[in-house]
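Asker: Below is upload37.cif; it holds mmCIF, C-alpha atoms.
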data_query
#
loop_
_atom_site.label_atom_id
_atom_site.label_comp_id
_atom_site.auth_asym_id
_atom_site.auth_seq_id
_atom_site.Cartn_x
_atom_site.Cartn_y
_atom_site.Cartn_z
CA MET A 738 122.88 -76.72 23.16
CA ASN A 739 120.86 -78.83 25.59
CA GLY A 740 117.63 -77.73 27.24
CA ARG A 741 113.89 -78.30 27.33
CA LEU A 742 113.36 -76.09 24.25
CA ARG A 743 116.24 -77.36 22.16
CA GLU A 744 115.75 -76.66 18.43
CA LYS A 745 112.62 -74.58 19.09
CA THR A 746 112.41 -71.06 17.71
CA VAL A 747 111.07 -68.34 19.99
CA LEU A 748 110.13 -64.87 18.73
CA ILE A 749 109.96 -62.06 21.29
CA THR A 750 108.73 -58.55 20.54
CA GLY A 751 110.15 -55.80 22.71
CA GLY A 752 113.16 -58.01 23.32
CA GLY A 753 115.71 -55.28 23.93
CA GLN A 754 115.05 -54.58 27.60
CA GLY A 755 113.10 -55.47 30.73
CA ILE A 756 110.84 -58.50 30.60
CA GLY A 757 111.63 -59.09 26.92
CA ARG A 758 115.38 -59.28 27.55
CA ALA A 759 114.89 -61.57 30.56
CA ALA A 760 112.64 -63.84 28.50
CA ALA A 761 115.15 -64.01 25.66
CA LEU A 762 117.90 -65.07 28.06
CA ALA A 763 115.66 -67.64 29.76
CA PHE A 764 114.64 -69.22 26.47
CA ALA A 765 118.23 -69.27 25.24
CA LYS A 766 119.31 -71.09 28.41
CA GLU A 767 116.69 -73.73 27.56
CA GLY A 768 118.31 -74.30 24.18
CA ALA A 769 115.96 -72.27 22.00
CA GLN A 770 116.85 -70.27 18.91
CA VAL A 771 115.77 -66.71 19.66
CA ALA A 772 114.46 -63.90 17.46
CA ILE A 773 114.04 -60.49 19.05
CA CYS A 774 112.80 -57.18 17.74
CA GLY A 775 112.27 -53.69 19.07
CA ARG A 776 112.78 -50.06 18.21
CA ASN A 777 116.14 -49.51 19.92
CA SER A 778 118.95 -50.99 17.81
CA ALA A 779 121.59 -50.50 20.50
CA ASN A 780 119.56 -52.40 23.08
CA LEU A 781 118.85 -55.20 20.62
CA GLY A 782 122.52 -55.50 19.77
CA ALA A 783 123.48 -55.76 23.42
CA VAL A 784 120.91 -58.48 24.12
CA ALA A 785 121.90 -60.36 20.97
CA ALA A 786 125.50 -60.42 22.20
CA GLU A 787 124.34 -61.84 25.54
CA LEU A 788 122.35 -64.54 23.78
CA ARG A 789 125.22 -65.54 21.52
CA ALA A 790 127.49 -65.74 24.56
CA LEU A 791 125.10 -68.42 25.85
CA GLY A 792 125.52 -70.33 22.59
CA ALA A 793 122.14 -69.41 21.12
CA LYS A 794 121.41 -68.76 17.46
CA VAL A 795 119.93 -65.27 17.16
CA VAL A 796 118.03 -62.97 14.83
CA ALA A 797 117.80 -59.41 16.14
CA GLU A 798 116.28 -56.66 14.02
CA SER A 799 114.65 -53.28 14.50
CA CYS A 800 110.92 -53.52 13.90
CA ASP A 801 107.96 -51.30 14.72
CA VAL A 802 105.21 -53.84 15.45
CA THR A 803 102.54 -51.29 14.52
CA ASP A 804 103.87 -51.16 10.94
CA GLU A 805 102.45 -53.99 8.84
CA GLY A 806 105.28 -53.85 6.32
CA GLN A 807 108.03 -53.98 8.93
CA VAL A 808 106.30 -56.87 10.69
CA GLY A 809 106.14 -58.86 7.46
CA GLU A 810 109.80 -58.24 6.71
CA PHE A 811 110.88 -59.26 10.20
CA ILE A 812 108.83 -62.49 10.19
CA ALA A 813 110.26 -63.31 6.76
CA ALA A 814 113.81 -62.81 8.06
CA VAL A 815 113.18 -65.08 11.04
CA LEU A 816 111.70 -67.83 8.88
CA LYS A 817 114.54 -67.55 6.37
CA GLU A 818 117.05 -68.09 9.19
CA PHE A 819 115.22 -70.66 11.31
CA GLY A 820 112.50 -72.16 9.10
CA THR A 821 109.74 -72.15 11.73
CA ILE A 822 108.44 -70.17 14.68
CA ASP A 823 107.35 -72.37 17.59
CA VAL A 824 106.69 -69.80 20.29
CA LEU A 825 105.59 -66.17 20.02
CA LEU A 826 105.80 -63.82 22.98
CA ASN A 827 103.93 -60.57 22.32
CA ASN A 828 105.73 -58.44 24.88
CA ALA A 829 106.23 -55.05 23.19
CA GLY A 830 104.01 -52.39 24.70
CA LEU A 831 103.50 -48.77 25.64
CA LEU A 832 102.37 -47.30 28.96
CA GLY A 833 100.69 -44.39 27.24
CA PRO A 834 99.41 -41.21 28.88
CA ARG A 835 98.36 -41.23 32.52
CA GLY A 836 95.54 -39.09 33.82
CA SER A 837 91.89 -38.37 33.16
CA LEU A 838 90.44 -39.74 29.93
CA GLU A 839 88.91 -36.38 29.12
CA LYS A 840 92.41 -34.95 28.77
CA VAL A 841 93.82 -37.74 26.56
CA SER A 842 94.57 -36.64 23.02
CA ALA A 843 93.41 -38.70 20.06
CA ALA A 844 97.03 -39.14 18.99
CA ASP A 845 98.09 -40.57 22.37
CA TRP A 846 95.03 -42.82 22.46
CA GLN A 847 95.77 -44.19 19.00
CA ALA A 848 99.48 -44.66 19.70
CA THR A 849 98.76 -46.69 22.86
CA LEU A 850 96.23 -48.96 21.19
CA ALA A 851 98.50 -49.37 18.17
CA ALA A 852 101.41 -50.59 20.30
CA ASN A 853 99.45 -52.74 22.74
CA LEU A 854 96.68 -54.16 20.55
CA THR A 855 97.30 -53.65 16.85
CA GLY A 856 100.94 -54.75 17.18
CA PRO A 857 100.11 -58.14 18.74
CA PHE A 858 97.39 -58.61 16.11
CA LEU A 859 99.78 -57.96 13.21
CA VAL A 860 102.61 -60.10 14.57
CA THR A 861 100.35 -62.99 15.56
CA ARG A 862 98.53 -62.97 12.24
CA GLU A 863 101.78 -63.21 10.28
CA VAL A 864 103.26 -65.91 12.53
CA LEU A 865 100.07 -67.95 12.21
CA ARG A 866 99.83 -67.54 8.44
CA ARG A 867 103.47 -68.23 7.69
CA SER A 868 104.33 -70.92 10.23
CA MET A 869 102.02 -72.15 13.00
CA LEU A 870 98.87 -72.86 10.97
CA LYS A 871 100.90 -74.70 8.33
CA ARG A 872 102.47 -76.94 10.98
CA GLU A 873 99.39 -77.05 13.24
CA ARG A 874 101.43 -76.42 16.36
CA GLY A 875 102.73 -73.49 18.36
CA VAL A 876 102.32 -71.35 21.47
CA VAL A 877 101.39 -67.66 21.59
CA ILE A 878 101.76 -65.75 24.86
CA ASN A 879 100.36 -62.24 25.17
CA VAL A 880 101.63 -60.07 28.01
CA SER A 881 98.58 -58.52 29.64
CA SER A 882 97.97 -56.58 32.85
CA GLY A 883 95.65 -56.39 35.80
CA GLN A 884 94.41 -53.21 34.11
CA GLY A 885 93.10 -55.48 31.34
CA ARG A 886 90.69 -57.09 33.79
CA LYS A 887 89.72 -54.20 36.01
CA GLY A 888 90.36 -50.72 34.68
CA THR A 889 91.01 -47.93 37.15
CA ALA A 890 91.14 -44.15 36.99
CA GLY A 891 94.18 -42.70 35.29
CA TRP A 892 94.95 -45.78 33.19
CA GLY A 893 92.42 -45.22 30.37
CA PRO A 894 94.26 -45.93 27.09
CA TYR A 895 96.49 -48.60 28.62
CA ALA A 896 93.55 -50.38 30.30
CA ALA A 897 91.45 -50.25 27.14
CA SER A 898 94.28 -51.70 25.08
CA LYS A 899 94.84 -54.57 27.52
CA PHE A 900 91.10 -55.32 27.72
CA GLY A 901 91.23 -55.52 23.93
CA LEU A 902 94.25 -57.83 24.06
CA GLU A 903 92.41 -60.19 26.40
CA GLY A 904 89.50 -60.34 23.95
CA LEU A 905 91.78 -60.77 20.95
CA ASN A 906 93.51 -63.68 22.68
CA GLN A 907 90.15 -65.38 23.32
CA VAL A 908 89.16 -65.03 19.66
CA TRP A 909 92.48 -66.42 18.43
CA ALA A 910 92.17 -69.34 20.86
CA ASP A 911 88.64 -70.15 19.66
CA GLU A 912 89.55 -69.88 15.98
CA THR A 913 92.52 -72.23 16.36
CA ARG A 914 90.91 -74.68 18.79
CA GLN A 915 91.44 -77.64 16.45
CA LYS A 916 94.79 -76.50 15.08
CA GLY A 917 97.16 -77.57 17.84
CA ILE A 918 98.04 -73.98 18.79
CA ARG A 919 97.85 -72.72 22.38
CA PHE A 920 97.08 -69.09 23.26
CA TYR A 921 97.58 -67.50 26.68
CA THR A 922 97.42 -64.10 28.28
CA LEU A 923 99.63 -63.65 31.30
CA SER A 924 99.48 -60.69 33.67
CA PRO A 925 102.91 -60.54 35.35
CA GLY A 926 101.85 -58.18 38.13
CA PRO A 927 104.24 -55.57 39.54
CA THR A 928 107.67 -56.18 38.00
CA ALA A 929 110.88 -54.18 38.27
CA THR A 930 111.02 -52.63 34.79
CA ALA A 931 111.44 -49.14 33.37
CA MET A 932 107.73 -49.08 32.46
CA ARG A 933 106.75 -49.96 36.02
CA ALA A 934 109.08 -47.26 37.37
CA ALA A 935 107.37 -44.70 35.13
CA ALA A 936 103.93 -45.86 36.30
CA ALA A 937 104.83 -46.04 40.00
CA PRO A 938 107.86 -43.78 40.61
CA ASP A 939 107.60 -43.98 44.41
CA GLU A 940 107.71 -47.79 44.49
CA ASP A 941 110.87 -49.54 45.67
CA PRO A 942 111.80 -52.00 42.86
CA ARG A 943 113.37 -54.30 45.43
CA THR A 944 109.90 -55.04 46.82
CA ILE A 945 108.50 -56.46 43.56
CA LYS A 946 109.40 -59.41 41.36
CA SER A 947 112.28 -59.29 38.89
CA PRO A 948 111.86 -59.77 35.12
CA ALA A 949 113.76 -63.06 35.46
CA VAL A 950 110.94 -64.47 37.60
CA VAL A 951 108.39 -63.56 34.95
CA ALA A 952 110.58 -65.09 32.26
CA GLN A 953 110.45 -68.49 33.94
CA ALA A 954 106.65 -68.41 33.72
CA PHE A 955 106.91 -67.83 29.96
CA VAL A 956 109.20 -70.84 29.66
CA ALA A 957 106.73 -73.00 31.58
CA LEU A 958 103.89 -71.99 29.25
CA ALA A 959 105.99 -72.73 26.16
CA LEU A 960 106.84 -76.30 27.10
CA ASP A 961 105.05 -79.11 25.27
CA GLU A 962 104.03 -80.64 28.58
CA CYS A 963 102.13 -77.51 29.68
CA ALA A 964 98.58 -78.73 30.35
CA LEU A 965 96.83 -75.35 30.58
CA ALA A 966 94.01 -75.01 28.08
CA SER A 967 94.32 -72.62 25.17
CA GLY A 968 92.67 -69.30 25.93
CA ALA A 969 93.53 -69.44 29.62
CA VAL A 970 93.64 -66.09 31.42
CA LEU A 971 96.64 -66.24 33.73
CA ARG A 972 98.44 -64.13 36.30
CA LEU A 973 101.50 -64.44 38.51
CA ASP A 974 101.56 -64.27 42.28
CA PRO A 975 104.40 -62.28 43.93
CA GLU A 976 106.63 -65.38 43.95
CA GLY A 977 106.07 -66.11 40.26
CA LYS A 978 103.55 -68.94 40.53
CA ILE A 979 101.10 -69.11 37.62
CA LEU A 980 97.49 -68.68 38.71
CA CYS A 981 94.31 -69.02 36.67
#
Show the structure stored in the file as structure tokens.
Answerer:
Amino acid sequence: MNGRLREKTVLITGGGQGIGRAAALAFAKEGAQVAICGRNSANLGAVAAELRALGAKVVAESCDVTDEGQVGEFIAAVLKEFGTIDVLLNNAGLLGPRGSLEKVSAADWQATLAANLTGPFLVTREVLRRSMLKRERGVVINVSSGQGRKGTAGWGPYAASKFGLEGLNQVWADETRQKGIRFYTLSPGPTATAMRAAAAPDEDPRTIKSPAVVAQAFVALALDECALASGAVLRLDPEGKILC
């Protein structure tokens, strides 16, 4: 398969729907081998079929990114099949409870931070240890949010988790500065996904960007010729242009 990412391996968490699915398809069209994981086996199977129809080599497995053991097993399966992981997209996430922080239960708080912060930590750590640090090359993209830069009422656990993700990304970038690995956080902005519909049920999805637009930004960041410095904090404008 031809394309700008031919023979590259891309791992996408939360790859069974929404932005994750769109990213998987976009990377496959660029010639990449694609590994996807998520909690919904049926969704993963459907996306895997779409990817194979495009001619892509695929690994698709159920994996809870908050479970250290499952993460290790999934990364091992990807490396057994493809040998390396060149690009990691930490996309899996949870909206969490909405409303006043004083009413948030400890269980809901912990579940949101586990999905949005601990998950990216576990997956990134294993990908670095088992592939990227050994080869001294790679790209890690963390899907953030405007709530990770300015928290607002009603978004407590989600905002806190995304603030944490921004900080985690900066630490990873600093620790790997001389290792040939690039780290980015990208805030897509309003995007027509199921999570966005749950957060803003009165919003017309036709008025906001599609997941496919966001996926093209991920592709641009993954390319070897991308000149943005590691650790860059990025966002998309309504048309999909990457802004610092």
Asker: So how far away is CA of Ser881 in chain A from CA of Arg743 in chain A, in Å?
Answerer: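 A separation of 26.9 Å between them.
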Asker: Convert the output of the PyMOL selection byres ((chain A and resi 760) around 10) on the shown file into explicit residues, formatted as a list in words.
Answerer: Val747, Ile749, Gly752, Gln754, Gly755, Ile756, Gly757, Arg758, Ala759, Ala761, Leu762, Ala763, Phe764, Ala765, Lys766, Val771, Leu826, Asn828, Pro948, Ala949, Val950, Val951, Ala952, Gln953, Ala954, Phe955 and Val956 of chain A
Asker: Selection from above, C-alpha atoms, as a PDB file, keeping the file's coordinate frame, can you write it?
Answerer:
ATOM      1  CA  VAL A 747     111.070 -68.340  19.990  1.00  0.00           C
ATOM      2  CA  ILE A 749     109.960 -62.060  21.290  1.00  0.00           C
ATOM      3  CA  GLY A 752     113.160 -58.010  23.320  1.00  0.00           C
ATOM      4  CA  GLN A 754     115.050 -54.580  27.600  1.00  0.00           C
ATOM      5  CA  GLY A 755     113.100 -55.470  30.730  1.00  0.00           C
ATOM      6  CA  ILE A 756     110.840 -58.500  30.600  1.00  0.00           C
ATOM      7  CA  GLY A 757     111.630 -59.090  26.920  1.00  0.00           C
ATOM      8  CA  ARG A 758     115.380 -59.280  27.550  1.00  0.00           C
ATOM      9  CA  ALA A 759     114.890 -61.570  30.560  1.00  0.00           C
ATOM     10  CA  ALA A 761     115.150 -64.010  25.660  1.00  0.00           C
ATOM     11  CA  LEU A 762     117.900 -65.070  28.060  1.00  0.00           C
ATOM     12  CA  ALA A 763     115.660 -67.640  29.760  1.00  0.00           C
ATOM     13  CA  PHE A 764     114.640 -69.220  26.470  1.00  0.00           C
ATOM     14  CA  ALA A 765     118.230 -69.270  25.240  1.00  0.00           C
ATOM     15  CA  LYS A 766     119.310 -71.090  28.410  1.00  0.00           C
ATOM     16  CA  VAL A 771     115.770 -66.710  19.660  1.00  0.00           C
ATOM     17  CA  LEU A 826     105.800 -63.820  22.980  1.00  0.00           C
ATOM     18  CA  ASN A 828     105.730 -58.440  24.880  1.00  0.00           C
ATOM     19  CA  PRO A 948     111.860 -59.770  35.120  1.00  0.00           C
ATOM     20  CA  ALA A 949     113.760 -63.060  35.460  1.00  0.00           C
ATOM     21  CA  VAL A 950     110.940 -64.470  37.600  1.00  0.00           C
ATOM     22  CA  VAL A 951     108.390 -63.560  34.950  1.00  0.00           C
ATOM     23  CA  ALA A 952     110.580 -65.090  32.260  1.00  0.00           C
ATOM     24  CA  GLN A 953     110.450 -68.490  33.940  1.00  0.00           C
ATOM     25  CA  ALA A 954     106.650 -68.410  33.720  1.00  0.00           C
ATOM     26  CA  PHE A 955     106.910 -67.830  29.960  1.00  0.00           C
ATOM     27  CA  VAL A 956     109.200 -70.840  29.660  1.00  0.00           C
TER      28      VAL A 956
END
Asker: Considering all atoms listed in the file, state which residue in the set A:Arg919, A:Lys745, A:Arg972, A:Lys946 is at the smallest distance from Val880 in chain A.
Answerer: A:Arg972
Asker: Translate the PyMOL selection byres ((chain A and resi 785) around 12), as applied to the file shown, into an explicit residue set as a ChimeraX atom specification.
Answerer: /A:752-754,757-759,761-762,765,770-775,778-784,786-798
Asker: Could you tell me which residues the PyMOL selection byres ((chain A and resi 824) around 8) returns for this structure, as a ChimeraX atom specification?
Answerer: /A:745-748,822-823,825-826,875-878,959
Asker: Out of A:Ser799, A:Thr821, A:Ser882, A:Asn739, which residue has the shortest atom-to-atom distance to Gly751 in chain A when counting all atoms listed in the file?
Answerer: A:Ser799
Asker: Select, from A:Arg866, A:Gly977, A:Asp939, A:Arg886, the residue with the minimum atom-to-atom distance to Leu816 in chain A, counting all atoms listed in the file.
Answerer: A:Arg866
Asker: Work out how far apart CA of Asn827 in chain A and CA of Thr944 in chain A are and give it in Å to one decimal.
Answerer: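 Computed distance, CA of Asn827 in chain A to CA of Thr944 in chain A, equals 25.8 Å.
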Asker: Could you give me, as a list in words, the residues that have an atom at most 10 Å away from the point (89.7, -72.0, 23.1) in the coordinates of the file, using only C-alpha atoms?
Answerer: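 Within 10 Å of (89.7, -72.0, 23.1), the protein and nucleic acid residues are Asn906, Gln907, Val908, Trp909, Ala910, Asp911, Glu912, Thr913, Arg914, Gln915, Ile918, Arg919, Phe920, Tyr921, Ala966, Ser967, Gly968 and Ala969 of chain A.
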Asker: Taking into account only C-alpha atoms, which residue in the set A:Asp845, A:Glu976, A:Glu839, A:Glu863 is nearest to Val808 in chain A?
Answerer: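 Smallest distance to Val808 in chain A is found for A:Glu863.
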Asker: Using only C-alpha atoms, find the one residue out of A:Ser868, A:Asn853, A:Ala769, A:Pro834 that sits nearest to Arg741 in chain A.
Answerer: A:Ala769
Asker: Leaving out Asp801 in chain A and any residue of its chain fewer than 3 positions from it, which residues lie within 12 Å of it when counting all atoms listed in the file, given as a PyMOL selection string?
Answerer: chain A and resi 750-751+773-778+798+804-811+829-830+848+851-853+855-857+859-860
Asker: For C-alpha atoms, I'd like the residues from the last selection saved as a compact mmCIF listing (two decimals), in the coordinates of the input.
Answerer:
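Contents of the output file selection_23.txt:
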# COMPACT_ATOMS: atom_id res chain seq x y z
CA THR A 750 108.73 -58.55 20.54
CA GLY A 751 110.15 -55.80 22.71
CA ILE A 773 114.04 -60.49 19.05
CA CYS A 774 112.80 -57.18 17.74
CA GLY A 775 112.27 -53.69 19.07
CA ARG A 776 112.78 -50.06 18.21
CA ASN A 777 116.14 -49.51 19.92
CA SER A 778 118.95 -50.99 17.81
CA GLU A 798 116.28 -56.66 14.02
CA ASP A 804 103.87 -51.16 10.94
CA GLU A 805 102.45 -53.99 8.84
CA GLY A 806 105.28 -53.85 6.32
CA GLN A 807 108.03 -53.98 8.93
CA VAL A 808 106.30 -56.87 10.69
CA GLY A 809 106.14 -58.86 7.46
CA GLU A 810 109.80 -58.24 6.71
CA PHE A 811 110.88 -59.26 10.20
CA ALA A 829 106.23 -55.05 23.19
CA GLY A 830 104.01 -52.39 24.70
CA ALA A 848 99.48 -44.66 19.70
CA ALA A 851 98.50 -49.37 18.17
CA ALA A 852 101.41 -50.59 20.30
CA ASN A 853 99.45 -52.74 22.74
CA THR A 855 97.30 -53.65 16.85
CA GLY A 856 100.94 -54.75 17.18
CA PRO A 857 100.11 -58.14 18.74
CA LEU A 859 99.78 -57.96 13.21
CA VAL A 860 102.61 -60.10 14.57
Asker: Please, what distance in Å, to one decimal, runs between CA of Asn879 in chain A and CA of Thr861 in chain A?
Answerer: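 Taking CA of Asn879 in chain A and CA of Thr861 in chain A, their separation equals 9.6 Å.
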Asker: Closest to Met869 in chain A among A:Glu744, A:Gly820, A:Leu923, A:Leu958, using only C-alpha atoms?
Answerer: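 Among the listed residues, the smallest separation from Met869 in chain A belongs to A:Gly820.
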Asker: Counting only C-alpha atoms, what is within 12 Å of Val841 in chain A, bar same-chain residues fewer than 4 positions away, as a PyMOL selection string?
Answerer: chain A and resi 833-837+845-849+891-895
